[in-house]
file query.tsv (TSV, C-alpha atoms)
chain	number	residue	atom	x	y	z
K	169	MET	CA	32.81	44.13	25.41
K	170	THR	CA	29.66	45.08	27.36
K	171	LEU	CA	28.21	46.75	24.27
K	172	ALA	CA	28.92	43.66	22.13
K	173	LEU	CA	27.14	41.44	24.66
K	174	PHE	CA	24.20	43.86	24.71
K	175	LEU	CA	23.93	43.80	20.94
K	176	ALA	CA	24.17	40.02	20.84
K	177	GLN	CA	21.37	39.73	23.41
K	178	ALA	CA	19.27	42.23	21.44
K	179	VAL	CA	19.66	40.12	18.31
K	180	ALA	CA	18.80	36.92	20.17
K	181	SER	CA	15.84	38.30	22.12
K	182	SER	CA	14.20	40.57	19.56
K	183	GLU	CA	12.96	39.94	16.08
K	184	GLY	CA	13.11	43.69	15.40
K	185	THR	CA	11.02	45.67	12.97
K	186	LYS	CA	11.35	44.86	9.30
K	187	SER	CA	13.49	47.53	7.70
K	188	ALA	CA	14.23	48.89	4.24
K	189	ALA	CA	17.82	49.64	5.29
K	190	GLU	CA	20.70	47.92	3.55
K	191	ALA	CA	23.04	45.78	5.62
K	192	ARG	CA	26.31	47.52	4.71
K	193	PHE	CA	28.79	46.69	7.49
K	194	HIS	CA	28.96	43.25	9.10
K	195	LEU	CA	29.77	43.15	12.82
K	196	PHE	CA	29.27	39.53	13.89
K	197	GLY	CA	26.71	36.79	13.48
K	198	GLU	CA	23.56	38.26	11.95
K	199	LEU	CA	24.31	41.81	13.15
K	200	TYR	CA	25.02	44.57	10.60
K	201	LEU	CA	25.16	48.38	10.52
K	202	ALA	CA	23.21	50.29	7.89
K	203	ASP	CA	24.91	53.70	8.48
K	204	PRO	CA	28.28	52.85	10.06
K	205	TRP	CA	29.77	56.34	9.51
K	206	PHE	CA	27.85	57.65	12.55
K	207	LEU	CA	30.33	55.70	14.68
K	208	ALA	CA	32.83	58.44	13.84
K	209	LEU	CA	30.91	60.68	16.28
K	210	VAL	CA	31.92	58.53	19.26
K	211	PRO	CA	35.57	59.72	19.75
K	212	PRO	CA	34.90	63.51	19.53
K	213	ALA	CA	31.82	63.19	21.76
K	214	LEU	CA	33.79	61.33	24.43
K	215	LEU	CA	36.62	63.89	24.19
K	216	LEU	CA	34.14	66.74	24.70
K	217	LEU	CA	32.72	64.93	27.73
K	218	ALA	CA	36.20	64.45	29.20
K	219	TRP	CA	37.12	68.09	28.56
K	220	GLY	CA	33.93	69.28	30.23
K	221	ARG	CA	34.86	67.44	33.40
K	222	SER	CA	38.53	68.41	33.40
K	223	ARG	CA	40.10	71.36	35.18
K	224	ARG	CA	40.05	73.28	31.91
K	225	GLY	CA	36.32	72.94	31.62
K	226	VAL	CA	35.29	74.18	35.07
K	227	GLU	CA	35.97	77.29	37.07
K	228	PRO	CA	38.72	76.66	39.66
K	229	GLY	CA	37.45	76.83	43.23
K	230	ARG	CA	39.07	79.09	45.86
K	231	VAL	CA	39.46	78.27	49.54
K	232	PRO	CA	40.93	80.70	52.08
K	233	VAL	CA	42.82	78.16	54.14
K	234	LEU	CA	44.53	74.99	53.02
K	235	PRO	CA	44.18	72.11	55.49
K	236	VAL	CA	47.31	70.40	56.71
K	237	GLU	CA	45.89	66.92	56.00
K	238	ALA	CA	43.51	65.94	53.22
K	239	PRO	CA	40.02	65.34	54.59
K	240	PRO	CA	38.66	61.79	54.27
K	241	ARG	CA	36.76	61.03	51.05
K	242	SER	CA	33.03	60.63	51.34
K	243	TRP	CA	31.04	57.87	49.63
K	244	ALA	CA	29.80	60.45	47.11
K	245	GLN	CA	33.38	61.26	46.19
K	246	ARG	CA	34.26	57.61	45.83
K	247	LEU	CA	31.32	57.06	43.47
K	248	ALA	CA	31.77	60.27	41.52
K	249	TRP	CA	32.92	58.30	38.46
K	250	ILE	CA	29.48	56.76	37.94
K	251	PRO	CA	27.66	59.77	36.38
K	252	PRO	CA	30.33	60.47	33.74
K	253	PHE	CA	30.52	56.76	32.98
K	254	LEU	CA	26.76	56.70	32.45
K	255	GLN	CA	27.07	59.77	30.21
K	256	ALA	CA	29.75	58.03	28.15
K	257	ILE	CA	27.58	54.93	27.83
K	258	ALA	CA	24.64	57.10	26.72
K	259	ILE	CA	26.79	58.80	24.06
K	260	VAL	CA	28.06	55.48	22.68
K	261	LEU	CA	24.59	53.91	22.62
K	262	VAL	CA	23.05	56.89	20.84
K	263	CYS	CA	25.85	56.95	18.24
K	264	VAL	CA	25.46	53.22	17.63
K	265	ALA	CA	21.69	53.70	17.31
K	266	LEU	CA	22.33	56.42	14.71
K	267	ALA	CA	24.53	53.89	12.87
K	268	ARG	CA	21.28	51.89	12.59
K	269	PRO	CA	22.03	48.33	13.66
K	270	VAL	CA	19.98	45.74	11.82
K	271	ARG	CA	19.62	42.00	11.99
K	272	GLY	CA	20.26	40.53	8.58
K	273	ASN	CA	18.47	37.35	7.62
K	274	SER	CA	20.04	35.83	4.49
K	275	VAL	CA	17.55	33.88	2.42
K	276	ARG	CA	18.74	31.47	-0.26
K	277	GLN	CA	16.34	29.86	-2.66
K	278	THR	CA	17.38	27.11	-5.05
K	279	LEU	CA	15.20	26.60	-8.08
K	280	SER	CA	15.45	23.63	-10.40
K	281	GLU	CA	13.51	22.05	-13.22
K	282	GLY	CA	14.58	18.59	-12.05
K	283	ILE	CA	14.99	15.35	-13.97
K	284	ASP	CA	12.66	12.37	-13.98
K	285	ILE	CA	14.78	9.22	-13.87
K	286	ALA	CA	13.30	5.76	-14.49
K	287	LEU	CA	15.56	3.12	-12.96
K	288	VAL	CA	14.91	-0.19	-14.71
K	289	VAL	CA	16.42	-3.34	-13.17
K	290	ASP	CA	16.54	-6.84	-14.66
K	291	ARG	CA	15.34	-9.51	-12.20
K	292	SER	CA	15.56	-12.53	-14.46
K	293	GLY	CA	16.83	-15.84	-13.07
K	294	SER	CA	20.39	-15.22	-14.24
K	295	MET	CA	20.63	-12.27	-11.80
K	296	LYS	CA	21.23	-14.86	-9.04
K	297	TYR	CA	24.84	-15.47	-10.13
K	298	ASP	CA	27.60	-13.99	-7.97
K	299	ASP	CA	30.27	-12.88	-10.44
K	300	LEU	CA	30.04	-9.15	-9.56
K	301	GLU	CA	30.98	-9.65	-5.91
K	302	ALA	CA	31.74	-12.87	-4.08
K	303	GLY	CA	28.92	-13.96	-1.82
K	304	LYS	CA	26.35	-11.63	-3.37
K	305	SER	CA	24.12	-12.15	-6.35
K	306	ARG	CA	24.16	-9.79	-9.30
K	307	LEU	CA	20.75	-8.53	-8.21
K	308	ASP	CA	21.88	-7.80	-4.63
K	309	VAL	CA	24.84	-5.77	-5.87
K	310	ALA	CA	22.66	-3.98	-8.42
K	311	LYS	CA	20.08	-3.08	-5.75
K	312	GLU	CA	22.76	-1.58	-3.50
K	313	VAL	CA	24.33	0.49	-6.29
K	314	VAL	CA	21.01	1.60	-7.76
K	315	GLY	CA	19.73	2.47	-4.29
K	316	ALA	CA	22.78	4.63	-3.54
K	317	PHE	CA	22.38	6.39	-6.89
K	318	ALA	CA	18.69	7.07	-6.23
K	319	GLN	CA	19.42	8.36	-2.74
K	320	ARG	CA	21.94	10.89	-4.05
K	321	ARG	CA	19.54	12.13	-6.70
K	322	MET	CA	16.42	12.19	-4.52
K	323	THR	CA	17.83	13.65	-1.29
K	324	ASP	CA	19.79	16.54	-2.77
K	325	ARG	CA	19.13	20.13	-1.66
K	326	VAL	CA	15.53	21.29	-1.34
K	327	GLY	CA	14.20	22.35	-4.71
K	328	ALA	CA	17.03	20.62	-6.59
K	329	SER	CA	16.14	16.94	-6.20
K	330	ASP	CA	15.17	14.54	-8.97
K	331	SER	CA	12.15	12.28	-9.05
K	332	CYS	CA	12.91	8.60	-9.50
K	333	ALA	CA	10.74	5.63	-10.42
K	334	LEU	CA	11.59	1.95	-10.04
K	335	LEU	CA	10.71	-0.63	-12.68
K	336	THR	CA	11.74	-4.26	-12.95
K	337	PHE	CA	11.42	-6.83	-15.69
K	338	ALA	CA	11.99	-10.48	-16.45
K	339	GLN	CA	9.38	-12.02	-18.77
K	340	TYR	CA	7.08	-9.08	-17.96
K	341	PRO	CA	7.79	-5.51	-16.84
K	342	MET	CA	6.44	-4.08	-13.60
K	343	LEU	CA	6.24	-0.55	-12.18
K	344	LEU	CA	7.05	-0.98	-8.49
K	345	CYS	CA	7.45	2.64	-7.43
K	346	PRO	CA	5.98	5.59	-9.39
K	347	PHE	CA	7.96	8.81	-9.66
K	348	THR	CA	8.62	10.20	-6.21
K	349	LEU	CA	10.98	12.38	-4.18
K	350	ASP	CA	10.48	10.17	-1.11
K	351	TYR	CA	13.59	8.02	-0.95
K	352	GLY	CA	12.18	6.07	2.01
K	353	ALA	CA	9.30	4.84	-0.14
K	354	PHE	CA	11.62	4.10	-3.05
K	355	GLU	CA	13.98	2.14	-0.80
K	356	GLY	CA	11.09	0.11	0.60
K	357	PHE	CA	10.07	-1.04	-2.88
K	358	LEU	CA	13.68	-1.70	-3.90
K	359	GLU	CA	14.22	-4.03	-0.93
K	360	THR	CA	11.35	-6.25	-2.10
K	361	VAL	CA	12.91	-6.97	-5.52
K	362	GLN	CA	13.95	-10.61	-5.99
K	363	TYR	CA	15.03	-12.61	-8.99
K	364	VAL	CA	12.35	-14.87	-10.44
K	365	ARG	CA	12.25	-18.51	-9.42
K	366	ASN	CA	9.38	-19.60	-11.65
K	367	GLU	CA	10.36	-20.61	-15.16
K	368	VAL	CA	7.07	-19.28	-16.54
K	369	GLU	CA	7.99	-15.77	-15.38
K	370	ASP	CA	11.65	-16.04	-16.34
K	371	GLY	CA	13.09	-14.28	-19.37
K	372	THR	CA	14.97	-11.14	-20.38
K	373	ALA	CA	12.39	-8.89	-22.00
K	374	ILE	CA	14.55	-5.80	-22.53
K	375	GLY	CA	12.17	-4.43	-25.15
K	376	ARG	CA	9.16	-4.77	-22.86
K	377	GLY	CA	11.01	-3.24	-19.92
K	378	LEU	CA	12.17	-0.24	-21.92
K	379	ALA	CA	8.75	0.28	-23.52
K	380	LYS	CA	7.13	0.27	-20.07
K	381	ALA	CA	9.63	2.89	-18.82
K	382	VAL	CA	8.93	5.07	-21.88
K	383	SER	CA	5.16	4.89	-21.30
K	384	VAL	CA	5.58	5.88	-17.64
K	385	LEU	CA	7.89	8.79	-18.49
K	386	ALA	CA	5.54	10.01	-21.21
K	387	GLU	CA	2.99	10.87	-18.50
K	388	THR	CA	5.29	13.22	-16.56
K	389	ASP	CA	5.76	16.96	-17.05
K	390	ALA	CA	9.54	17.06	-16.56
K	391	LYS	CA	11.58	18.73	-19.26
K	392	SER	CA	14.39	16.18	-18.89
K	393	LYS	CA	13.58	12.45	-18.87
K	394	VAL	CA	16.09	9.65	-18.46
K	395	VAL	CA	16.03	5.85	-18.37
K	396	VAL	CA	18.86	3.87	-16.76
K	397	LEU	CA	18.34	0.24	-17.79
K	398	LEU	CA	20.41	-2.50	-16.13
K	399	THR	CA	20.45	-6.05	-17.44
K	400	ASP	CA	22.81	-9.02	-17.43
K	401	GLY	CA	21.75	-10.63	-20.69
K	402	GLU	CA	20.38	-10.42	-24.18
K	403	ASN	CA	16.76	-9.88	-25.13
K	404	ASN	CA	14.95	-13.22	-25.62
K	405	VAL	CA	11.31	-12.08	-25.76
K	406	PRO	CA	10.63	-11.03	-29.36
K	407	ASP	CA	7.20	-9.39	-29.23
K	408	ILE	CA	8.64	-5.91	-28.48
K	409	LEU	CA	12.14	-5.60	-29.87
K	410	PRO	CA	14.61	-3.43	-27.91
K	411	LEU	CA	15.34	-1.20	-30.92
K	412	LYS	CA	11.61	-0.61	-31.46
K	413	ALA	CA	11.32	0.54	-27.83
K	414	ALA	CA	14.38	2.74	-28.39
K	415	GLU	CA	12.61	4.42	-31.31
K	416	LEU	CA	9.68	5.22	-29.02
K	417	ALA	CA	12.08	6.70	-26.47
K	418	ARG	CA	13.74	8.85	-29.11
K	419	GLU	CA	10.36	10.14	-30.33
K	420	LYS	CA	9.51	11.18	-26.75
K	421	GLY	CA	12.89	12.87	-26.21
K	422	ILE	CA	13.92	10.31	-23.58
K	423	VAL	CA	17.62	9.57	-23.07
K	424	VAL	CA	18.46	5.93	-22.34
K	425	TYR	CA	21.60	4.72	-20.58
K	426	THR	CA	22.16	0.97	-20.82
K	427	VAL	CA	24.26	-1.08	-18.39
K	428	LEU	CA	25.38	-4.66	-18.98
K	429	ALA	CA	26.22	-6.11	-15.55
K	430	GLY	CA	28.04	-9.44	-15.31
K	431	ARG	CA	31.47	-10.88	-15.94
K	432	TYR	CA	30.59	-14.27	-17.42
K	433	ALA	CA	27.87	-15.92	-19.50
K	434	PHE	CA	26.25	-18.97	-17.88
K	435	GLN	CA	24.36	-21.84	-19.46
K	436	GLU	CA	23.01	-25.27	-18.58
K	437	ASP	CA	24.39	-28.61	-19.68
K	438	VAL	CA	22.27	-31.56	-20.76
K	439	PHE	CA	21.77	-32.55	-17.12
K	440	GLY	CA	20.44	-29.11	-16.13
K	441	ARG	CA	23.61	-28.09	-14.34
K	442	VAL	CA	24.68	-24.45	-14.74
K	443	TYR	CA	28.28	-23.76	-15.66
K	444	ARG	CA	30.28	-20.68	-16.52
K	445	THR	CA	31.44	-20.05	-20.07
K	446	GLU	CA	34.01	-17.70	-21.52
K	447	ARG	CA	31.56	-16.41	-24.11
K	448	GLU	CA	31.11	-12.66	-24.17
K	449	LEU	CA	27.53	-11.45	-24.02
K	450	ASP	CA	26.39	-9.66	-27.14
K	451	ALA	CA	25.95	-6.00	-26.23
K	452	THR	CA	25.14	-4.79	-29.74
K	453	GLU	CA	21.48	-3.99	-29.04
K	454	LEU	CA	22.28	-2.21	-25.78
K	455	GLU	CA	24.87	-0.09	-27.54
K	456	GLN	CA	22.40	0.77	-30.31
K	457	ILE	CA	19.69	1.72	-27.82
K	458	ALA	CA	22.01	4.17	-26.09
K	459	GLU	CA	23.28	5.60	-29.37
K	460	MET	CA	19.76	6.07	-30.80
K	461	THR	CA	18.53	8.00	-27.76
K	462	GLY	CA	21.59	10.12	-27.03
K	463	GLY	CA	22.70	8.09	-24.03
K	464	ARG	CA	25.69	5.82	-23.42
K	465	PHE	CA	26.36	2.13	-23.01
K	466	PHE	CA	28.35	0.81	-20.03
K	467	ARG	CA	29.74	-2.65	-19.29
K	468	ALA	CA	30.27	-3.53	-15.61
K	469	LYS	CA	32.17	-6.71	-14.74
K	470	ASP	CA	32.40	-6.18	-10.97
K	471	ARG	CA	30.97	-4.05	-8.20
K	472	ASP	CA	33.56	-1.29	-8.53
K	473	SER	CA	32.94	-0.82	-12.23
K	474	LEU	CA	29.17	-0.84	-11.63
K	475	GLU	CA	29.54	1.91	-9.03
K	476	ARG	CA	31.73	3.91	-11.40
K	477	THR	CA	29.11	3.46	-14.11
K	478	TYR	CA	26.33	5.02	-12.05
K	479	ALA	CA	28.66	7.75	-10.80
K	480	GLU	CA	29.49	8.64	-14.40
K	481	ILE	CA	25.83	8.67	-15.38
K	482	GLU	CA	25.29	11.05	-12.48
K	483	THR	CA	27.91	13.44	-13.84
K	484	LEU	CA	26.40	13.25	-17.33
K	485	GLU	CA	22.89	14.01	-16.10
K	486	ARG	CA	23.30	17.05	-13.88
K	487	THR	CA	20.26	18.98	-12.72
K	488	GLU	CA	20.32	22.61	-13.77
K	489	ARG	CA	20.07	24.82	-10.70
K	490	ARG	CA	19.44	28.52	-10.32
K	491	GLU	CA	20.17	30.09	-6.98
K	492	GLU	CA	18.60	33.32	-5.73
K	493	ARG	CA	19.93	35.07	-2.63
K	494	TYR	CA	18.57	38.09	-0.83
K	495	THR	CA	18.78	39.56	2.68
K	496	GLU	CA	15.91	40.71	4.88
K	497	THR	CA	16.82	43.30	7.52
K	498	PHE	CA	15.17	44.16	10.84
K	499	ASP	CA	15.83	47.39	12.78
K	500	LEU	CA	17.29	47.07	16.28
K	501	TYR	CA	18.09	50.73	17.06
K	502	PHE	CA	15.03	51.30	19.29
K	503	GLU	CA	16.49	49.18	22.10
K	504	LEU	CA	19.77	51.12	21.91
K	505	LEU	CA	18.02	54.50	22.00
K	506	LEU	CA	15.98	53.38	25.00
K	507	ALA	CA	19.07	52.16	26.83
K	508	GLY	CA	20.94	55.37	25.99
K	509	LEU	CA	18.07	57.51	27.28
K	510	MET	CA	17.95	55.52	30.51
K	511	ALA	CA	21.70	55.91	31.00
K	512	TYR	CA	21.44	59.67	30.41
K	513	LEU	CA	18.52	60.04	32.84
K	514	LEU	CA	20.43	58.13	35.51
K	515	ALA	CA	23.46	60.38	35.01
K	516	TRP	CA	21.28	63.52	35.12
K	517	GLY	CA	19.50	62.31	38.25
K	518	SER	CA	22.82	61.56	39.94
K	519	HIS	CA	24.17	65.03	39.11
K	520	ALA	CA	21.01	66.58	40.50
K	521	THR	CA	21.12	64.64	43.77
K	522	TRP	CA	23.94	62.75	45.42
K	523	ALA	CA	26.65	63.59	42.84
K	524	ARG	CA	25.86	67.29	42.66
K	525	ARG	CA	28.96	69.50	42.28
K	526	LEU	CA	29.35	73.03	43.49
K	527	PRO	CA	30.63	75.62	40.99
call {"tool": "encode", "arguments": {"input": "query.tsv", "output": "structure tokens"}}
result
Amino acid sequence: MTLALFLAQAVASSEGTKSAAEARFHLFGELYLADPWFLALVPPALLLLAWGRSRRGVEPGRVPVLPVEAPPRSWAQRLAWIPPFLQAIAIVLVCVALARPVRGNSVRQTLSEGIDIALVVDRSGSMKYDDLEAGKSRLDVAKEVVGAFAQRRMTDRVGASDSCALLTFAQYPMLLCPFTLDYGAFEGFLETVQYVRNEVEDGTAIGRGLAKAVSVLAETDAKSKVVVLLTDGENNVPDILPLKAAELAREKGIVVYTVLAGRYAFQEDVFGRVYRTERELDATELEQIAEMTGGRFFRAKDRDSLERTYAEIETLERTERREERYTETFDLYFELLLAGLMAYLLAWGSHATWARRLP
């Protein structure tokens, strides 16, 4: 137990000298032995020490007269166990030092090419409706789900995170946050997103939004590039058609996942009042975009299905990771040799002075 505490303190207090020894036998924590077979010397060495101090190892003394009563024991006799104990400690420490204790420092390095993911969110006026979750607009729910997705991808293990960019569109597309690994910055931009309230800016320019995402991704060096485009409607800005933007994405090797978020279609009556209809939104173009680029189309009619959609996209777009592990070792035997030498010198000094024995 004392030896274990000593070794633990040696590991904690000393960095040790960098060693070429291999950490073969694990003791505890970061402590290993490089040549553990030297521990086999401990039992025979202790037996030889015990035999040397036994009656068989010394010449029996002869006294002419035996006293009637045993004489009182002196303090030297009472402490006679100390020198052999120090000798035993010295033997154990030297044998452990020969076993070459080392501190093993395991180093793990995760390498990854990473994926650049452009998260494109519709902020048109229709994103104010609350049919995904009661009490929350479509845009609020989308921001929460997209934010959670980005956080998982951007705050993964060091060296294995993905860069994300945030784009929004209504009548016109806008790059809010360039590609970054800083989720705090991404989250700050995401919180500022609001649906448009000005009719001049309103619209669902899916083609423009996708074309903007493709142009931003074309400037990055990532080997894998992905667009996740969320909208709640059909394209109604004809200058850049969604399928034309999809062709550009395909030419650049960009995969596009499209998400149609919303349960109902809404429209205005002759008095300008908005009412819900049972008409299904036409998802044909979104399906074709995904098919053309090697992605997938998803329809989300509530918050749960939207969360499942982004979770499934996450499983489809996994970052390739390569892990390298190696162990650095540091020699700790010097402290043990020093302690063993000190224990031996103390035992020798005791035998030569107060614990001296007559033959």
call {"tool": "closest_residue", "arguments": {"input": "query.tsv", "among": "K:Gln339, K:Ser473, K:Ser242, K:Thr399", "to": "Asp370 in chain K", "atoms": "all atoms listed in the file"}}
result
K:Gln339
call {"tool": "atom_distance", "arguments": {"input": "query.tsv", "atom1": "CA of Gly375 in chain K", "atom2": "CA of Leu409 in chain K"}}
result
4.9 Å
call {"tool": "closest_residue", "arguments": {"input": "query.tsv", "among": "K:Val427, K:Leu411, K:Val270, K:Val396", "to": "Leu201 in chain K", "atoms": "all atoms listed in the file"}}
result
K:Val270
call {"tool": "axis_aligned_box", "arguments": {"input": "query.tsv", "around": "range 339-352 of chain K", "padding_each_side": "4 Å", "output": "lines of an AutoDock Vina configuration file"}}
result
center_x = 9.8
center_y = 0.2
center_z = -8.4
size_x = 15.6
size_y = 32.4
size_z = 28.8
call {"tool": "closest_residue", "arguments": {"input": "query.tsv", "among": "K:Ala511, K:Leu428, K:Leu287, K:Ala302", "to": "Asp400 in chain K", "atoms": "all atoms listed in the file"}}
result
K:Leu428
call {"tool": "atom_distance", "arguments": {"input": "query.tsv", "atom1": "CA of Ala458 in chain K", "atom2": "CA of Gly430 in chain K"}}
result
18.4 Å
